[in-house]
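Data from coords-v7.txt: compact mmCIF, C-alpha atoms and all ligand atoms
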# COMPACT_ATOMS: atom_id res chain seq x y z
CA MET A 5 106.37 91.72 64.45
CA ILE A 6 102.99 91.26 66.05
CA ASP A 7 100.36 93.70 64.87
CA ASN A 8 98.97 95.18 68.05
CA SER A 9 95.82 96.47 66.43
CA ARG A 10 93.99 93.52 67.99
CA LEU A 11 91.83 95.10 70.67
CA LEU A 12 91.64 92.95 73.78
CA ALA A 13 88.30 91.97 75.28
CA ALA A 14 87.25 94.10 78.23
CA PRO A 15 87.72 92.47 81.62
CA ILE A 16 84.61 92.08 83.75
CA PRO A 17 85.65 92.91 87.33
CA THR A 18 84.14 91.13 90.30
CA VAL A 19 83.80 92.61 93.77
CA ASP A 20 87.04 90.84 94.67
CA SER A 21 89.04 91.92 91.60
CA LEU A 22 87.79 95.49 91.26
CA PRO A 23 90.75 97.01 93.21
CA PHE A 24 93.09 95.30 90.72
CA TRP A 25 91.30 96.82 87.71
CA GLU A 26 90.99 100.27 89.29
CA ALA A 27 94.77 100.23 89.86
CA ALA A 28 95.30 99.02 86.29
CA LYS A 29 93.49 102.12 85.04
CA GLU A 30 96.25 104.11 86.78
CA GLY A 31 98.95 101.89 85.25
CA ARG A 32 99.63 100.08 88.52
CA PHE A 33 99.95 96.28 88.65
CA LEU A 34 98.77 94.71 91.91
CA VAL A 35 99.36 91.21 93.23
CA LYS A 36 97.67 89.56 96.20
CA ARG A 37 99.91 88.19 98.96
CA CYS A 38 98.86 86.14 101.95
CA SER A 39 99.93 87.51 105.32
CA ALA A 40 99.67 84.07 106.94
CA CYS A 41 101.95 82.03 104.62
CA ASP A 42 103.63 84.95 102.80
CA LYS A 43 102.95 83.48 99.33
CA ALA A 44 101.72 85.60 96.44
CA HIS A 45 98.92 84.21 94.29
CA TRP A 46 97.18 84.79 90.98
CA TYR A 47 94.35 85.44 90.19
CA PRO A 48 93.46 87.92 92.94
CA ARG A 49 91.00 86.44 95.44
CA PRO A 50 90.05 87.02 99.06
CA THR A 51 91.13 83.57 100.32
CA CYS A 52 94.70 82.26 99.98
CA PRO A 53 94.74 79.20 97.65
CA PHE A 54 97.71 77.73 99.60
CA CYS A 55 96.62 77.93 103.24
CA PHE A 56 93.00 79.16 102.95
CA SER A 57 93.67 82.17 105.15
CA SER A 58 91.53 85.24 104.50
CA GLU A 59 94.47 87.47 105.51
CA THR A 60 95.37 88.50 101.96
CA GLN A 61 96.72 91.92 101.06
CA TRP A 62 97.19 93.88 97.83
CA GLN A 63 100.76 94.83 97.06
CA ALA A 64 102.54 96.51 94.18
CA GLY A 65 103.66 93.86 91.72
CA LEU A 66 107.15 93.84 90.24
CA GLY A 67 105.77 93.53 86.71
CA SER A 68 108.55 91.14 85.72
CA GLY A 69 108.68 87.43 85.04
CA VAL A 70 109.62 84.70 82.59
CA ILE A 71 107.71 82.84 79.89
CA TYR A 72 106.58 79.47 81.29
CA SER A 73 104.86 78.37 78.07
CA PHE A 74 103.46 80.06 74.98
CA SER A 75 101.53 79.45 71.79
CA VAL A 76 101.41 81.58 68.64
CA MET A 77 97.88 81.92 67.26
CA ARG A 78 99.06 81.98 63.64
CA HIS A 79 95.63 81.60 62.04
CA ALA A 80 94.16 84.62 63.79
CA LYS A 81 94.02 87.91 61.89
CA PRO A 82 96.27 89.40 63.09
CA PRO A 83 98.27 86.60 64.78
CA TYR A 84 98.91 86.92 68.50
CA VAL A 85 100.75 85.10 71.29
CA VAL A 86 99.08 83.51 74.32
CA ALA A 87 101.44 82.68 77.18
CA PHE A 88 101.71 81.56 80.75
CA VAL A 89 104.09 83.95 82.48
CA THR A 90 105.61 83.11 85.86
CA LEU A 91 105.86 86.33 87.82
CA ASP A 92 108.97 87.02 89.87
CA GLU A 93 106.63 86.98 92.90
CA GLY A 94 105.93 83.28 92.18
CA PRO A 95 102.47 82.86 90.61
CA THR A 96 101.93 81.99 86.95
CA MET A 97 99.33 83.96 84.99
CA LEU A 98 97.75 83.56 81.57
CA SER A 99 98.36 86.58 79.35
CA ASN A 100 99.56 87.71 75.92
CA ILE A 101 103.06 88.56 74.69
CA VAL A 102 102.95 91.72 72.57
CA ASP A 103 105.28 94.07 70.68
CA CYS A 104 107.54 91.21 69.62
CA ASP A 105 108.51 88.86 66.82
CA PRO A 106 106.86 85.57 67.87
CA GLU A 107 109.63 83.59 66.16
CA THR A 108 112.15 84.95 68.66
CA LEU A 109 110.23 83.94 71.80
CA ALA A 110 111.51 81.16 74.06
CA ILE A 111 110.46 79.42 77.25
CA GLY A 112 112.35 80.97 80.16
CA GLN A 113 112.67 84.32 78.38
CA ALA A 114 112.45 87.40 80.60
CA VAL A 115 109.40 89.58 80.04
CA CYS A 116 107.99 92.71 81.62
CA LEU A 117 104.42 93.82 82.12
CA LEU A 118 102.58 96.62 80.40
CA PHE A 119 98.94 97.51 80.06
CA LYS A 120 97.11 97.58 76.73
CA PRO A 121 93.70 99.17 76.15
CA SER A 122 90.68 96.88 75.97
CA ASP A 123 87.35 97.49 74.25
CA GLY A 124 85.97 98.55 77.64
CA GLU A 125 86.78 100.65 80.68
CA PHE A 126 89.81 98.75 81.99
CA PRO A 127 93.21 98.07 80.39
CA VAL A 128 94.58 94.51 80.27
CA PRO A 129 97.95 93.35 81.66
CA VAL A 130 100.16 91.83 78.94
CA PHE A 131 103.89 91.21 78.60
CA THR A 132 106.69 92.08 76.22
CA PRO A 133 110.24 90.66 76.02
CA VAL A 134 112.85 92.48 78.08
CA GLN A 135 115.30 94.04 75.65
CA PRO A 136 118.86 92.81 76.25
ZN ZN B 201 98.40 81.64 102.65
Give the structure from this file in structure tokens form.
Amino acid sequence: MIDNSRLLAAPIPTVDSLPFWEAAKEGRFLVKRCSACDKAHWYPRPTCPFCFSSETQWQAGLGSGVIYSFSVMRHAKPPYVVAFVTLDEGPTMLSNIVDCDPETLAIGQAVCLLFKPSDGEFPVPVFTPVQP
């Protein structure tokens, strides 16, 4: 099992990402979606990366996805897992997989989002395997 005593580095919000982090403090996961092309994107930004429209809106994220790729940082003390997770909304985000045995992880595995405390004001979105 991963030792979750590793405290994550505090995010540094920008003007554009502050609503995301404020929601995270309340345990809510937000995703940006473009009203012009209807695609969700990550990371949150004011201009759609697909069609360059500025008509982007915050919406409640599903908090579910699958592992696209991952790497176990075995030499770290304690070890931890870095992963790209493809959200069910479509975008892929870089995060950590926590509360798991790294040896049991697999590409394509279903994961769900949770927030872990950071060493600053805002919690950090991470993922854990969905229990069958
Ligand atoms: Zn768009």
Could you list, with a cut-off of 8 Å and counting all atoms listed in the file, the residues of chain A near ligand ZN 201 (chain B), each shown with its nearest atom pair and the distance in Å rounded to one decimal, rows sorted by chain and ascending number, as a tab-separated table?
residue	atom	partner	partner_atom	distance
A:Arg37	CA	B:ZN201	ZN	7.7
A:Cys38	CA	B:ZN201	ZN	4.6
A:Ser39	CA	B:ZN201	ZN	6.6
A:Ala40	CA	B:ZN201	ZN	5.1
A:Cys41	CA	B:ZN201	ZN	4.1
A:Asp42	CA	B:ZN201	ZN	6.2
A:Lys43	CA	B:ZN201	ZN	5.9
A:Thr51	CA	B:ZN201	ZN	7.9
A:Cys52	CA	B:ZN201	ZN	4.6
A:Pro53	CA	B:ZN201	ZN	6.7
A:Phe54	CA	B:ZN201	ZN	5.0
A:Cys55	CA	B:ZN201	ZN	4.2
A:Phe56	CA	B:ZN201	ZN	5.9
A:Ser57	CA	B:ZN201	ZN	5.4
A:Ser58	CA	B:ZN201	ZN	8.0
A:Glu59	CA	B:ZN201	ZN	7.6
A:Thr60	CA	B:ZN201	ZN	7.5
Non-local contacts of Cys116 in chain A (12 Å; all atoms listed in the file; under 4 positions in same chain excluded) as JSON, numbers by chain: {"A": [33, 65, 66, 67, 68, 69, 70, 71, 89, 90, 91, 92, 99, 100, 101, 102, 103, 129, 130, 131, 132, 133, 134, 135]}
Using C-alpha atoms, can you write the selected residues to a file as a PDB file, keeping the file's coordinate frame?
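Done, and the output landed in again-v7.pdb:
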ATOM      1  CA  PHE A  33      99.950  96.280  88.650  1.00  0.00           C
ATOM      2  CA  GLY A  65     103.660  93.860  91.720  1.00  0.00           C
ATOM      3  CA  LEU A  66     107.150  93.840  90.240  1.00  0.00           C
ATOM      4  CA  GLY A  67     105.770  93.530  86.710  1.00  0.00           C
ATOM      5  CA  SER A  68     108.550  91.140  85.720  1.00  0.00           C
ATOM      6  CA  GLY A  69     108.680  87.430  85.040  1.00  0.00           C
ATOM      7  CA  VAL A  70     109.620  84.700  82.590  1.00  0.00           C
ATOM      8  CA  ILE A  71     107.710  82.840  79.890  1.00  0.00           C
ATOM      9  CA  VAL A  89     104.090  83.950  82.480  1.00  0.00           C
ATOM     10  CA  THR A  90     105.610  83.110  85.860  1.00  0.00           C
ATOM     11  CA  LEU A  91     105.860  86.330  87.820  1.00  0.00           C
ATOM     12  CA  ASP A  92     108.970  87.020  89.870  1.00  0.00           C
ATOM     13  CA  SER A  99      98.360  86.580  79.350  1.00  0.00           C
ATOM     14  CA  ASN A 100      99.560  87.710  75.920  1.00  0.00           C
ATOM     15  CA  ILE A 101     103.060  88.560  74.690  1.00  0.00           C
ATOM     16  CA  VAL A 102     102.950  91.720  72.570  1.00  0.00           C
ATOM     17  CA  ASP A 103     105.280  94.070  70.680  1.00  0.00           C
ATOM     18  CA  PRO A 129      97.950  93.350  81.660  1.00  0.00           C
ATOM     19  CA  VAL A 130     100.160  91.830  78.940  1.00  0.00           C
ATOM     20  CA  PHE A 131     103.890  91.210  78.600  1.00  0.00           C
ATOM     21  CA  THR A 132     106.690  92.080  76.220  1.00  0.00           C
ATOM     22  CA  PRO A 133     110.240  90.660  76.020  1.00  0.00           C
ATOM     23  CA  VAL A 134     112.850  92.480  78.080  1.00  0.00           C
ATOM     24  CA  GLN A 135     115.300  94.040  75.650  1.00  0.00           C
TER      25      GLN A 135
END
Point-to-point distance in Å for CA of Trp62 in chain A and CA of Lys36 in chain A: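 Computing the Euclidean distance for CA of Lys36 in chain A and CA of Trp62 in chain A yields 4.6 Å.
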Contacts of range 17-26 of chain A within 9 Å, only C-alpha atoms, excl. fewer than 6 positions in-chain, as a ChimeraX atom specification: /A:32-35,47-50,62,126-128
12 Å contact set for Val85 in chain A, only C-alpha atoms, chain neighbours under 2 positions out, as a PyMOL selection string: chain A and resi 5-8+10+71+73-83+87-89+98-110+130-133
Box time for range 112-130 of chain A: axis-aligned, enclosing all its listed atoms, 3 Å extra on each side; report centre and edge lengths in Å to one decimal, as AutoDock Vina command-line options.
--center_x 99.3 --center_y 90.8 --center_z 78.2 --size_x 32.7 --size_y 25.7 --size_z 13.9
Separation of CA of Val115 in chain A from CA of Pro15 in chain A in Å: 21.9 Å
Assuming the input is short of atoms at range 17-29 of chain A, produce N, CA and C atoms for that part as a PDB file, keeping the file's coordinate frame.
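Result went into out-v1.pdb, see below:
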ATOM      1  N   PRO A  17      85.212  93.023  85.929  1.00  0.00           N
ATOM      2  CA  PRO A  17      85.650  92.910  87.330  1.00  0.00           C
ATOM      3  C   PRO A  17      84.561  92.299  88.223  1.00  0.00           C
ATOM      4  N   THR A  18      85.020  91.592  89.237  1.00  0.00           N
ATOM      5  CA  THR A  18      84.140  91.130  90.300  1.00  0.00           C
ATOM      6  C   THR A  18      84.377  92.033  91.510  1.00  0.00           C
ATOM      7  N   VAL A  19      83.585  91.845  92.534  1.00  0.00           N
ATOM      8  CA  VAL A  19      83.800  92.610  93.770  1.00  0.00           C
ATOM      9  C   VAL A  19      85.222  92.412  94.265  1.00  0.00           C
ATOM     10  N   ASP A  20      85.711  91.172  94.149  1.00  0.00           N
ATOM     11  CA  ASP A  20      87.040  90.840  94.670  1.00  0.00           C
ATOM     12  C   ASP A  20      88.168  91.380  93.802  1.00  0.00           C
ATOM     13  N   SER A  21      87.952  91.493  92.485  1.00  0.00           N
ATOM     14  CA  SER A  21      89.040  91.920  91.600  1.00  0.00           C
ATOM     15  C   SER A  21      88.978  93.396  91.241  1.00  0.00           C
ATOM     16  N   LEU A  22      87.917  94.083  91.650  1.00  0.00           N
ATOM     17  CA  LEU A  22      87.790  95.490  91.260  1.00  0.00           C
ATOM     18  C   LEU A  22      88.983  96.354  91.669  1.00  0.00           C
ATOM     19  N   PRO A  23      89.564  96.198  92.875  1.00  0.00           N
ATOM     20  CA  PRO A  23      90.750  97.010  93.210  1.00  0.00           C
ATOM     21  C   PRO A  23      91.895  96.810  92.211  1.00  0.00           C
ATOM     22  N   PHE A  24      92.046  95.565  91.706  1.00  0.00           N
ATOM     23  CA  PHE A  24      93.090  95.300  90.720  1.00  0.00           C
ATOM     24  C   PHE A  24      92.850  96.125  89.463  1.00  0.00           C
ATOM     25  N   TRP A  25      91.607  96.135  88.974  1.00  0.00           N
ATOM     26  CA  TRP A  25      91.300  96.820  87.710  1.00  0.00           C
ATOM     27  C   TRP A  25      91.327  98.329  87.880  1.00  0.00           C
ATOM     28  N   GLU A  26      90.916  98.817  89.045  1.00  0.00           N
ATOM     29  CA  GLU A  26      90.990 100.270  89.290  1.00  0.00           C
ATOM     30  C   GLU A  26      92.457 100.718  89.283  1.00  0.00           C
ATOM     31  N   ALA A  27      93.340  99.910  89.875  1.00  0.00           N
ATOM     32  CA  ALA A  27      94.770 100.230  89.860  1.00  0.00           C
ATOM     33  C   ALA A  27      95.316 100.159  88.443  1.00  0.00           C
ATOM     34  N   ALA A  28      94.843  99.169  87.676  1.00  0.00           N
ATOM     35  CA  ALA A  28      95.300  99.020  86.290  1.00  0.00           C
ATOM     36  C   ALA A  28      94.988 100.267  85.475  1.00  0.00           C
ATOM     37  N   LYS A  29      93.842 100.888  85.765  1.00  0.00           N
ATOM     38  CA  LYS A  29      93.490 102.120  85.040  1.00  0.00           C
ATOM     39  C   LYS A  29      94.512 103.212  85.283  1.00  0.00           C
TER      40      LYS A  29
END
